[in-house]
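As structure tokens, the structure follows; a few thoughts come after it.
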Amino acid sequence: MTLSLEAQRRRLEEARARLHEEITSELQQSGDRRAADAADRVRDAGEASVVDLLADLEYSAIERHLAELRAVEHALERIGQGSYGLCSDCGQSIAEGRLEAHPAAERCIDCQSLRERTTESGGHPSL
């Protein structure tokens, strides 16, 4: 692998720090808005449903960030174990361009595509 493993480690560590900050900030903002929104709910039931929808969207963003953080931490573990850059499904090398674009990638493009196709169809390959 010609990509510097140390450079990838630094990128992943920077991503981990950024994600920690974003998650913390989003949780704090969400908590502040929830308290204010709870006080406003007495006014209008229609507004309450909008507030609930916005809260769900906020939590979805936090969940996406948590999933990304888990992927970054798993990639750092693979660096430590010496398996970084190898597909977790087929064991082949992950293309450098893929790792450059997505340092936390754990599958080659073929295995990732297959996984997405089978997962989207409820675990059954689609025709």
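Lettering and numbering for the structure tokens are positional, with chains as A, B, ... in the shown order, residues counted from 1 in each chain, and ligands counted from 1 in the shown order.
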Can you list, as a PyMOL selection string, every protein, DNA or RNA residue that comes within 8 Å of Ile94 (chain A) when you count only C-alpha atoms, leaving out same-chain residues fewer than 3 positions away?
chain A and resi 85-87+98-99+106-109
Nearest residue to Ser25 (chain A) out of A:His74, A:His65, A:Ser83, A:Ser88, using only C-alpha atoms?
A:His65
Residue contacts of region 67-72 of chain A (7 Å, only C-alpha atoms) excluding same-chain residues fewer than 6 positions away, as a ChimeraX atom specification
/A:12,16,19,104
File dump, residues just selected, N, CA and C atoms, as a short mmCIF file (atom, residue, chain, number, x, y, z; two decimals), in the first residue's frame:
data_model
loop_
_atom_site.label_atom_id
_atom_site.label_comp_id
_atom_site.auth_asym_id
_atom_site.auth_seq_id
_atom_site.Cartn_x
_atom_site.Cartn_y
_atom_site.Cartn_z
N LEU A 12 -7.80 9.53 10.34
CA LEU A 12 -8.83 8.87 11.13
C LEU A 12 -8.93 9.47 12.54
N ARG A 16 -12.11 11.27 14.14
CA ARG A 16 -12.66 10.86 15.43
C ARG A 16 -12.86 12.07 16.34
N LEU A 19 -15.79 14.19 15.05
CA LEU A 19 -17.08 13.55 15.32
C LEU A 19 -17.46 13.65 16.79
N ALA A 104 -12.21 4.97 6.42
CA ALA A 104 -12.75 3.95 7.32
C ALA A 104 -13.34 2.76 6.57
#
What is the CA of Gln112 (chain A) to CA of Ala15 (chain A) distance in Å?
21.4 Å
Just checking: using only C-alpha atoms, which residue out of A:Ala105, A:Ile79, A:Ala61, A:Ala95 ends up closest to Ala7 (chain A)?
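Checking each candidate against Ala7 (chain A), we get A:Ile79 as the closest.
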